[in-house]
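Reviewing the structure listed below.
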There are 2 protein chains.
Amino acid sequence: MDALDKKIIAELQLDGRLTVTELAARVNLSVSPCHRRLRELEESGAIRGYRAIVDLNSMGLSFESLVFATLRWEDRDTVPEFEEAVASVPQVVQAERLFGEPDYLLRVVTADLEAFQKVYDEQLATLPGVQRLTSTIVMKRLVEDRPLKS
Amino acid sequence: MDALDKKIIAELQLDGRLTVTELAARVNLSVSPCHRRLRELEESGAIRGYRAIVDLNSMGLSFESLVFATLRWEDRDTVPEFEEAVASVPQVVQAERLFGEPDYLLRVVTADLEAFQKVYDEQLATLPGVQRLTSTIVMKRLVEDRPLKS
DNA sequence: AATGAAATGATAGCATT
DNA sequence: AATGCTATCATTTCATT
């Protein structure tokens with residue numbers, strides 16, 4: 001992965017729908033080698049895919065919250081089970097395991113508070129191995145999905 | 001925004017580089033109206049853009065951490081200043097203001113621990129109005145940027 | 001608001017340097 | 001590994017239903 005590849009990636013982080021022709025122009029390359037490099041980046045997994053970035057409010061999803069989960073230490077054999085279950089809750093749009101406490105951070109998106117309560121009570125509080133959940137609401141997004149500095 | 005628009009959005013969340021021809025086929029529409037709807041979704045801001053999803057490790061960025069920031073209450077007039085400053089740190093890829101404590105959650109991506117320390121000490125700890133930072137490391141991602149349920 | 005058709009422009013493969 | 005060429009396919013506009 002040389003500087004040109006990084007430039008290609010940077011452009012596609014800004015606009016994932018750039019045509020190869022336009023991309024080639026921006027990185028000062030002709031179309032064919034640009035196309036070849038792009039395919040290699042995709043096939044090597046460096047570029048994992050492309051996503052439309054959607055406005056949550058336009059979709060009627062205006063309630064975003066973070067849920068911190070701590071598991072029971074005695075039940076730590078349920079970790080894989082917990083992780084699988086979390087990943088299958090559609091309203092959980094981001095989830096990760098952390099060092100220290102809490103064990104997990106989940107990002108939950110719903111239409112409103114009522115829908116959140118339902119997800120919290122029925123989908124999250126009942127997950128296997130959960131000792132404690134705490135949650136907070138996202139007041140304002142400052143930085144969202146910023147293209148990477150490297 | 002009707003069901004067809006939501007279907008279009010759902011498809012583009014799965015593959016943001018779908019051609020309009022292919023998109024039209026997937027939502028059972030002919031090319032022209034599909035194209036028109038897509039333009040309207042883009043122009044209304046419902047679709048905010050398109051991004052390549054990049055593999056952090058391939059980019060040499062293998063250290064991901066969360067930094068929680070609490071501001072001094074006396075300095076709450078520095079809030080806008082703090083927010084602007086946070087948004088201008090390139091390694092901060094996601095940031096939001098929360099209800100309760102802590103006040104902010106920042107997601108920081110760097111090449112390694114050493115690079116993180118540098119960002120933490122030089123860019124984050126020195127931000128205006130900061131009372132306390134605490135941080136944790138992301139051990140494992142379970143769910144990343146999931147397409148929205150709705 | 002969807003369809004079909006036609007001109008412009010992009011993609012992807014290949015031969016060349 | 002980059003370039004230029006070319007056939008194929010997609011995009012985008014417009015007239016029509």
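Residues in the structure tokens are named by chain (A, B, ... in the order shown) and by number from 1 within that chain; ligands are numbered from 1 in the order shown.
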Could you list, as number ranges by chain, the residues of chain D having an atom within 12 Å of chain A when counting only C-alpha atoms (C1' of nucleotides)? D: 1-5, 10-11
If you keep all heavy atoms, can you produce a file of those selected residues as a short mmCIF file (atom, residue, chain, number, x, y, z; two decimals), in the first residue's frame?
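File written: selection-v9.cif
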```
data_model
loop_
_atom_site.label_atom_id
_atom_site.label_comp_id
_atom_site.auth_asym_id
_atom_site.auth_seq_id
_atom_site.Cartn_x
_atom_site.Cartn_y
_atom_site.Cartn_z
P DA D 1 3.98 -3.54 -8.99
OP1 DA D 1 5.19 -4.14 -8.69
OP2 DA D 1 2.78 -3.51 -8.21
"O5'" DA D 1 3.99 -2.15 -9.72
"C5'" DA D 1 4.24 -2.22 -11.00
"C4'" DA D 1 4.02 -0.87 -11.62
"O4'" DA D 1 4.38 -1.09 -12.99
"C3'" DA D 1 2.58 -0.34 -11.63
"O3'" DA D 1 2.59 1.08 -11.68
"C2'" DA D 1 2.02 -0.92 -12.89
"C1'" DA D 1 3.25 -0.87 -13.81
N9 DA D 1 3.23 -1.93 -14.82
C8 DA D 1 2.90 -3.24 -14.68
N7 DA D 1 2.95 -3.93 -15.78
C5 DA D 1 3.34 -2.99 -16.73
C6 DA D 1 3.58 -3.06 -18.10
N6 DA D 1 3.45 -4.19 -18.80
N1 DA D 1 3.97 -1.92 -18.74
C2 DA D 1 4.10 -0.80 -18.04
N3 DA D 1 3.90 -0.61 -16.75
C4 DA D 1 3.51 -1.76 -16.14
P DA D 2 1.25 1.93 -11.56
OP1 DA D 2 1.53 2.85 -10.45
OP2 DA D 2 0.09 1.02 -11.52
"O5'" DA D 2 1.15 2.79 -12.91
"C5'" DA D 2 2.17 3.74 -13.20
"C4'" DA D 2 2.11 4.12 -14.65
"O4'" DA D 2 2.28 2.93 -15.45
"C3'" DA D 2 0.80 4.77 -15.10
"O3'" DA D 2 1.06 5.97 -15.79
"C2'" DA D 2 0.15 3.72 -15.99
"C1'" DA D 2 1.34 2.92 -16.50
N9 DA D 2 1.00 1.52 -16.77
C8 DA D 2 0.58 0.59 -15.87
N7 DA D 2 0.35 -0.59 -16.40
C5 DA D 2 0.63 -0.42 -17.74
C6 DA D 2 0.58 -1.29 -18.84
N6 DA D 2 0.20 -2.57 -18.74
N1 DA D 2 0.92 -0.80 -20.04
C2 DA D 2 1.29 0.49 -20.13
N3 DA D 2 1.38 1.40 -19.18
C4 DA D 2 1.03 0.88 -17.99
P DT D 3 -0.16 6.84 -16.30
OP1 DT D 3 0.32 8.23 -16.31
OP2 DT D 3 -1.36 6.45 -15.55
"O5'" DT D 3 -0.35 6.37 -17.82
"C5'" DT D 3 0.67 6.61 -18.77
"C4'" DT D 3 0.25 6.07 -20.12
"O4'" DT D 3 0.06 4.65 -20.02
"C3'" DT D 3 -1.08 6.62 -20.65
"O3'" DT D 3 -0.84 7.38 -21.82
"C2'" DT D 3 -1.94 5.40 -20.92
"C1'" DT D 3 -0.93 4.27 -20.94
N1 DT D 3 -1.44 2.96 -20.49
C2 DT D 3 -1.59 1.94 -21.41
O2 DT D 3 -1.32 2.07 -22.60
N3 DT D 3 -2.07 0.76 -20.91
C4 DT D 3 -2.41 0.51 -19.59
O4 DT D 3 -2.82 -0.59 -19.26
C5 DT D 3 -2.23 1.61 -18.69
C7 DT D 3 -2.57 1.42 -17.24
C6 DT D 3 -1.76 2.76 -19.16
P DG D 4 -1.97 8.31 -22.43
OP1 DG D 4 -1.30 9.49 -23.02
OP2 DG D 4 -3.02 8.48 -21.40
"O5'" DG D 4 -2.57 7.41 -23.61
"C5'" DG D 4 -1.70 6.61 -24.41
"C4'" DG D 4 -2.52 5.78 -25.39
"O4'" DG D 4 -2.90 4.51 -24.78
"C3'" DG D 4 -3.82 6.44 -25.84
"O3'" DG D 4 -4.00 6.09 -27.22
"C2'" DG D 4 -4.88 5.78 -24.94
"C1'" DG D 4 -4.31 4.36 -24.78
N9 DG D 4 -4.66 3.67 -23.54
C8 DG D 4 -4.82 4.23 -22.30
N7 DG D 4 -5.11 3.34 -21.37
C5 DG D 4 -5.15 2.13 -22.06
C6 DG D 4 -5.42 0.81 -21.59
O6 DG D 4 -5.67 0.45 -20.45
N1 DG D 4 -5.35 -0.12 -22.62
C2 DG D 4 -5.06 0.18 -23.94
N2 DG D 4 -5.04 -0.85 -24.78
N3 DG D 4 -4.81 1.40 -24.38
C4 DG D 4 -4.87 2.33 -23.39
P DC D 5 -5.19 6.57 -28.09
OP1 DC D 5 -4.59 7.08 -29.33
OP2 DC D 5 -6.05 7.44 -27.25
"O5'" DC D 5 -6.02 5.25 -28.43
"C5'" DC D 5 -5.33 4.07 -28.87
"C4'" DC D 5 -6.27 2.88 -28.84
"O4'" DC D 5 -6.43 2.43 -27.48
"C3'" DC D 5 -7.68 3.19 -29.37
"O3'" DC D 5 -8.05 2.16 -30.28
"C2'" DC D 5 -8.54 3.18 -28.09
"C1'" DC D 5 -7.80 2.16 -27.24
N1 DC D 5 -8.04 2.26 -25.77
C2 DC D 5 -8.34 1.10 -25.06
O2 DC D 5 -8.41 0.02 -25.65
N3 DC D 5 -8.55 1.19 -23.72
C4 DC D 5 -8.47 2.37 -23.11
N4 DC D 5 -8.68 2.40 -21.79
C5 DC D 5 -8.15 3.57 -23.81
C6 DC D 5 -7.95 3.47 -25.13
P DA D 10 -25.02 -2.35 -17.12
OP1 DA D 10 -25.07 -3.02 -15.82
OP2 DA D 10 -26.14 -2.47 -18.07
"O5'" DA D 10 -24.72 -0.80 -16.88
"C5'" DA D 10 -23.60 -0.43 -16.10
"C4'" DA D 10 -23.63 1.07 -15.84
"O4'" DA D 10 -23.50 1.77 -17.09
"C3'" DA D 10 -24.91 1.58 -15.18
"O3'" DA D 10 -24.53 2.52 -14.19
"C2'" DA D 10 -25.69 2.20 -16.33
"C1'" DA D 10 -24.56 2.68 -17.27
N9 DA D 10 -24.89 2.65 -18.69
C8 DA D 10 -25.34 1.59 -19.41
N7 DA D 10 -25.52 1.84 -20.69
C5 DA D 10 -25.15 3.17 -20.80
C6 DA D 10 -25.11 4.05 -21.90
N6 DA D 10 -25.46 3.69 -23.14
N1 DA D 10 -24.69 5.31 -21.69
C2 DA D 10 -24.33 5.66 -20.44
N3 DA D 10 -24.32 4.93 -19.34
C4 DA D 10 -24.75 3.68 -19.58
P DT D 11 -25.56 3.36 -13.37
OP1 DT D 11 -24.99 3.65 -12.06
OP2 DT D 11 -26.86 2.69 -13.52
"O5'" DT D 11 -25.59 4.72 -14.20
"C5'" DT D 11 -24.36 5.41 -14.34
"C4'" DT D 11 -24.60 6.75 -15.02
"O4'" DT D 11 -25.01 6.52 -16.38
"C3'" DT D 11 -25.67 7.64 -14.38
"O3'" DT D 11 -25.12 8.96 -14.38
"C2'" DT D 11 -26.85 7.51 -15.33
"C1'" DT D 11 -26.15 7.30 -16.67
N1 DT D 11 -26.87 6.54 -17.73
C2 DT D 11 -26.93 7.05 -19.01
O2 DT D 11 -26.45 8.14 -19.31
N3 DT D 11 -27.58 6.26 -19.93
C4 DT D 11 -28.14 5.03 -19.70
O4 DT D 11 -28.68 4.41 -20.60
C5 DT D 11 -28.04 4.54 -18.34
C7 DT D 11 -28.62 3.20 -18.00
C6 DT D 11 -27.42 5.29 -17.43
#
```
When DSSP is applied to the backbone of this structure, which of chain B are assigned helix (DSSP H, G or I)? Write them out as a PyMOL selection string. chain B and resi 3-14+20-26+31-43+57-59+73-87+113-124
Would you give me, as an mmCIF file with C-alpha atoms, in the first residue's frame, the residues of chain A that come within 8 Å of chain C, using only C-alpha atoms (C1' of nucleotides)?
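Written output follows (part25.cif):
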```
data_model
loop_
_atom_site.group_PDB
_atom_site.id
_atom_site.type_symbol
_atom_site.label_atom_id
_atom_site.label_comp_id
_atom_site.auth_asym_id
_atom_site.auth_seq_id
_atom_site.Cartn_x
_atom_site.Cartn_y
_atom_site.Cartn_z
ATOM 1 C CA THR A 19 -16.524 7.182 -10.785
ATOM 2 C CA VAL A 20 -13.192 5.584 -11.551
ATOM 3 C CA THR A 21 -12.696 8.237 -14.214
#
```
Using 7 Å as the limit and counting only C-alpha atoms, can you tabulate each residue of chain B that touches chain A, with its shortest atom-to-atom distance in Å and the two atoms involved, as JSON lines?
```
{"residue": "B:Leu12", "atom": "CA", "partner": "A:Ala52", "partner_atom": "CA", "distance": 5.3}
{"residue": "B:Gln13", "atom": "CA", "partner": "A:Arg51", "partner_atom": "CA", "distance": 4.7}
{"residue": "B:Leu14", "atom": "CA", "partner": "A:Arg51", "partner_atom": "CA", "distance": 6.2}
{"residue": "B:Asp15", "atom": "CA", "partner": "A:Tyr50", "partner_atom": "CA", "distance": 5.4}
{"residue": "B:Gly16", "atom": "CA", "partner": "A:Arg51", "partner_atom": "CA", "distance": 4.3}
{"residue": "B:Arg17", "atom": "CA", "partner": "A:Arg17", "partner_atom": "CA", "distance": 5.5}
{"residue": "B:Gly45", "atom": "CA", "partner": "A:Asp55", "partner_atom": "CA", "distance": 6.8}
{"residue": "B:Ala46", "atom": "CA", "partner": "A:Asp55", "partner_atom": "CA", "distance": 5.0}
{"residue": "B:Ile47", "atom": "CA", "partner": "A:Val54", "partner_atom": "CA", "distance": 4.6}
{"residue": "B:Arg48", "atom": "CA", "partner": "A:Ile53", "partner_atom": "CA", "distance": 5.3}
{"residue": "B:Gly49", "atom": "CA", "partner": "A:Ile53", "partner_atom": "CA", "distance": 5.2}
{"residue": "B:Tyr50", "atom": "CA", "partner": "A:Ala52", "partner_atom": "CA", "distance": 4.4}
{"residue": "B:Arg51", "atom": "CA", "partner": "A:Gly16", "partner_atom": "CA", "distance": 4.3}
{"residue": "B:Ala52", "atom": "CA", "partner": "A:Tyr50", "partner_atom": "CA", "distance": 4.4}
{"residue": "B:Ile53", "atom": "CA", "partner": "A:Gly49", "partner_atom": "CA", "distance": 5.2}
{"residue": "B:Val54", "atom": "CA", "partner": "A:Ile47", "partner_atom": "CA", "distance": 4.6}
{"residue": "B:Asp55", "atom": "CA", "partner": "A:Ala46", "partner_atom": "CA", "distance": 5.0}
{"residue": "B:Ser58", "atom": "CA", "partner": "A:Ala46", "partner_atom": "CA", "distance": 5.3}
{"residue": "B:Glu83", "atom": "CA", "partner": "A:Leu142", "partner_atom": "CA", "distance": 6.9}
{"residue": "B:Ala87", "atom": "CA", "partner": "A:Val143", "partner_atom": "CA", "distance": 6.0}
{"residue": "B:Pro90", "atom": "CA", "partner": "A:Lys149", "partner_atom": "CA", "distance": 5.7}
{"residue": "B:Gln91", "atom": "CA", "partner": "A:Lys149", "partner_atom": "CA", "distance": 6.0}
{"residue": "B:Val93", "atom": "CA", "partner": "A:Arg146", "partner_atom": "CA", "distance": 4.7}
{"residue": "B:Gln94", "atom": "CA", "partner": "A:Val143", "partner_atom": "CA", "distance": 4.7}
{"residue": "B:Ala95", "atom": "CA", "partner": "A:Val143", "partner_atom": "CA", "distance": 4.7}
{"residue": "B:Glu96", "atom": "CA", "partner": "A:Arg141", "partner_atom": "CA", "distance": 4.3}
{"residue": "B:Arg97", "atom": "CA", "partner": "A:Lys140", "partner_atom": "CA", "distance": 5.1}
{"residue": "B:Leu98", "atom": "CA", "partner": "A:Val138", "partner_atom": "CA", "distance": 4.7}
{"residue": "B:Phe99", "atom": "CA", "partner": "A:Ile137", "partner_atom": "CA", "distance": 5.6}
{"residue": "B:Gly100", "atom": "CA", "partner": "A:Thr136", "partner_atom": "CA", "distance": 6.9}
{"residue": "B:Thr136", "atom": "CA", "partner": "A:Phe99", "partner_atom": "CA", "distance": 6.0}
{"residue": "B:Ile137", "atom": "CA", "partner": "A:Phe99", "partner_atom": "CA", "distance": 5.6}
{"residue": "B:Val138", "atom": "CA", "partner": "A:Leu98", "partner_atom": "CA", "distance": 4.7}
{"residue": "B:Met139", "atom": "CA", "partner": "A:Leu98", "partner_atom": "CA", "distance": 5.0}
{"residue": "B:Lys140", "atom": "CA", "partner": "A:Arg97", "partner_atom": "CA", "distance": 5.1}
{"residue": "B:Arg141", "atom": "CA", "partner": "A:Glu96", "partner_atom": "CA", "distance": 4.3}
{"residue": "B:Leu142", "atom": "CA", "partner": "A:Glu96", "partner_atom": "CA", "distance": 5.1}
{"residue": "B:Val143", "atom": "CA", "partner": "A:Ala95", "partner_atom": "CA", "distance": 4.7}
{"residue": "B:Glu144", "atom": "CA", "partner": "A:Gln94", "partner_atom": "CA", "distance": 4.9}
{"residue": "B:Asp145", "atom": "CA", "partner": "A:Val93", "partner_atom": "CA", "distance": 5.7}
{"residue": "B:Arg146", "atom": "CA", "partner": "A:Val93", "partner_atom": "CA", "distance": 4.7}
{"residue": "B:Leu148", "atom": "CA", "partner": "A:Val93", "partner_atom": "CA", "distance": 7.0}
{"residue": "B:Lys149", "atom": "CA", "partner": "A:Pro90", "partner_atom": "CA", "distance": 5.7}
```
Would you list, as a compact mmCIF listing (two decimals) with N, CA, C and O atoms, in the first residue's frame, the residues of region 2-141 of chain A that end up in strand (DSSP E) under DSSP run on this structure's backbone?
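See result.txt below for the written result:
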```txt
# COMPACT_ATOMS: atom_id res chain seq x y z
N ILE A 47 -10.34 -1.92 1.45
CA ILE A 47 -11.66 -1.29 1.36
C ILE A 47 -12.69 -2.39 1.57
O ILE A 47 -12.78 -3.32 0.80
N ARG A 48 -13.45 -2.25 2.66
CA ARG A 48 -14.34 -3.34 3.05
C ARG A 48 -15.71 -3.22 2.43
O ARG A 48 -16.51 -4.16 2.49
N GLY A 49 -16.00 -2.07 1.87
CA GLY A 49 -17.30 -1.89 1.24
C GLY A 49 -17.61 -0.42 1.14
O GLY A 49 -16.74 0.43 1.39
N TYR A 50 -18.83 -0.13 0.75
CA TYR A 50 -19.27 1.26 0.57
C TYR A 50 -20.65 1.40 1.19
O TYR A 50 -21.48 0.50 1.08
N ARG A 51 -20.86 2.52 1.84
CA ARG A 51 -22.15 2.73 2.50
C ARG A 51 -22.71 4.10 2.18
O ARG A 51 -21.96 5.08 2.17
N ALA A 52 -24.00 4.14 1.98
CA ALA A 52 -24.67 5.43 1.99
C ALA A 52 -24.74 5.91 3.44
O ALA A 52 -25.00 5.13 4.34
N ILE A 53 -24.46 7.20 3.64
CA ILE A 53 -24.56 7.78 4.98
C ILE A 53 -25.93 8.43 5.09
O ILE A 53 -26.25 9.36 4.35
N VAL A 54 -26.73 7.90 6.01
CA VAL A 54 -28.13 8.29 6.06
C VAL A 54 -28.39 9.26 7.21
O VAL A 54 -27.80 9.14 8.27
N PHE A 63 -33.78 9.19 18.12
CA PHE A 63 -33.34 8.91 19.49
C PHE A 63 -32.11 8.02 19.45
O PHE A 63 -32.17 6.86 19.03
N GLU A 64 -31.00 8.58 19.88
CA GLU A 64 -29.74 7.82 19.86
C GLU A 64 -29.19 7.75 21.27
O GLU A 64 -29.08 8.77 21.95
N SER A 65 -28.82 6.57 21.68
CA SER A 65 -28.34 6.42 23.05
C SER A 65 -27.18 5.46 23.12
O SER A 65 -26.94 4.67 22.20
N LEU A 66 -26.45 5.56 24.21
CA LEU A 66 -25.35 4.64 24.46
C LEU A 66 -25.71 3.80 25.67
O LEU A 66 -26.20 4.33 26.67
N VAL A 67 -25.48 2.52 25.55
CA VAL A 67 -25.76 1.61 26.66
C VAL A 67 -24.45 0.92 27.04
O VAL A 67 -23.80 0.31 26.20
N PHE A 68 -24.10 1.06 28.31
CA PHE A 68 -22.90 0.38 28.81
C PHE A 68 -23.33 -0.89 29.52
O PHE A 68 -24.25 -0.87 30.34
N ALA A 69 -22.68 -1.97 29.20
CA ALA A 69 -23.06 -3.26 29.77
C ALA A 69 -21.88 -3.88 30.52
O ALA A 69 -20.76 -3.91 30.01
N THR A 70 -22.18 -4.35 31.71
CA THR A 70 -21.19 -5.11 32.48
C THR A 70 -21.74 -6.51 32.68
O THR A 70 -22.90 -6.67 33.05
N LEU A 71 -20.90 -7.51 32.40
CA LEU A 71 -21.36 -8.89 32.54
C LEU A 71 -20.97 -9.44 33.91
O LEU A 71 -20.07 -8.94 34.56
N VAL A 92 -29.19 -2.01 17.59
CA VAL A 92 -27.79 -1.80 18.00
C VAL A 92 -26.96 -1.58 16.75
O VAL A 92 -26.71 -2.51 16.00
N VAL A 93 -26.54 -0.35 16.53
CA VAL A 93 -25.85 -0.04 15.27
C VAL A 93 -24.33 -0.08 15.41
O VAL A 93 -23.61 -0.05 14.42
N GLN A 94 -23.88 -0.12 16.66
CA GLN A 94 -22.44 -0.19 16.90
C GLN A 94 -22.26 -0.87 18.25
O GLN A 94 -23.05 -0.63 19.18
N ALA A 95 -21.29 -1.75 18.35
CA ALA A 95 -21.07 -2.43 19.62
C ALA A 95 -19.62 -2.87 19.71
O ALA A 95 -19.05 -3.30 18.70
N GLU A 96 -19.03 -2.75 20.89
CA GLU A 96 -17.66 -3.22 21.04
C GLU A 96 -17.37 -3.64 22.46
O GLU A 96 -18.00 -3.18 23.40
N ARG A 97 -16.42 -4.52 22.57
CA ARG A 97 -15.95 -4.97 23.86
C ARG A 97 -14.79 -4.07 24.26
O ARG A 97 -13.91 -3.77 23.46
N LEU A 98 -14.77 -3.69 25.53
CA LEU A 98 -13.77 -2.76 26.02
C LEU A 98 -12.88 -3.41 27.07
O LEU A 98 -13.25 -4.40 27.68
N TYR A 104 -18.84 -3.61 27.79
CA TYR A 104 -19.30 -3.35 26.42
C TYR A 104 -19.92 -1.97 26.30
O TYR A 104 -20.53 -1.45 27.25
N LEU A 105 -19.75 -1.42 25.13
CA LEU A 105 -20.48 -0.19 24.77
C LEU A 105 -21.36 -0.50 23.57
O LEU A 105 -20.88 -0.98 22.54
N LEU A 106 -22.64 -0.20 23.71
CA LEU A 106 -23.58 -0.40 22.60
C LEU A 106 -24.18 0.94 22.20
O LEU A 106 -24.52 1.75 23.06
N ARG A 107 -24.30 1.15 20.93
CA ARG A 107 -24.97 2.35 20.44
C ARG A 107 -26.33 1.94 19.88
O ARG A 107 -26.39 1.05 19.02
N VAL A 108 -27.36 2.56 20.37
CA VAL A 108 -28.72 2.14 20.02
C VAL A 108 -29.46 3.30 19.36
O VAL A 108 -29.46 4.42 19.87
N VAL A 109 -30.07 3.02 18.24
CA VAL A 109 -30.84 4.03 17.51
C VAL A 109 -32.30 3.60 17.40
O VAL A 109 -32.58 2.50 16.93
N THR A 110 -33.19 4.46 17.85
CA THR A 110 -34.62 4.16 17.74
C THR A 110 -35.38 5.42 17.33
O THR A 110 -34.80 6.52 17.28
N VAL A 130 -25.81 -10.61 31.64
CA VAL A 130 -25.75 -9.19 31.98
C VAL A 130 -25.89 -8.98 33.49
O VAL A 130 -26.83 -9.45 34.11
N GLN A 131 -24.92 -8.27 34.06
CA GLN A 131 -25.03 -7.89 35.46
C GLN A 131 -25.71 -6.54 35.61
O GLN A 131 -26.59 -6.37 36.43
N ARG A 132 -25.26 -5.60 34.74
CA ARG A 132 -25.77 -4.24 34.90
C ARG A 132 -25.69 -3.51 33.57
O ARG A 132 -24.72 -3.62 32.84
N LEU A 133 -26.74 -2.76 33.28
CA LEU A 133 -26.72 -1.83 32.14
C LEU A 133 -26.84 -0.41 32.68
O LEU A 133 -27.61 -0.16 33.60
N THR A 134 -26.09 0.51 32.08
CA THR A 134 -26.38 1.93 32.34
C THR A 134 -26.43 2.60 30.98
O THR A 134 -25.81 2.14 30.02
N SER A 135 -27.17 3.68 30.91
CA SER A 135 -27.30 4.29 29.59
C SER A 135 -27.31 5.81 29.67
O SER A 135 -27.56 6.40 30.71
N THR A 136 -27.02 6.40 28.52
CA THR A 136 -27.06 7.85 28.39
C THR A 136 -27.57 8.18 27.01
O THR A 136 -27.57 7.32 26.12
N ILE A 137 -28.02 9.40 26.84
CA ILE A 137 -28.56 9.81 25.55
C ILE A 137 -27.54 10.69 24.84
O ILE A 137 -26.82 11.45 25.48
N VAL A 138 -27.49 10.54 23.54
CA VAL A 138 -26.63 11.41 22.75
C VAL A 138 -27.34 12.75 22.55
O VAL A 138 -28.44 12.81 22.00
N MET A 139 -26.70 13.82 23.03
CA MET A 139 -27.31 15.15 22.95
C MET A 139 -27.03 15.77 21.58
O MET A 139 -27.89 16.36 20.95
N LYS A 140 -25.80 15.58 21.13
CA LYS A 140 -25.36 16.25 19.91
C LYS A 140 -24.15 15.54 19.34
O LYS A 140 -23.25 15.18 20.08
N ARG A 141 -24.16 15.36 18.03
CA ARG A 141 -22.98 14.77 17.39
C ARG A 141 -22.02 15.86 16.96
O ARG A 141 -22.42 16.80 16.27
```
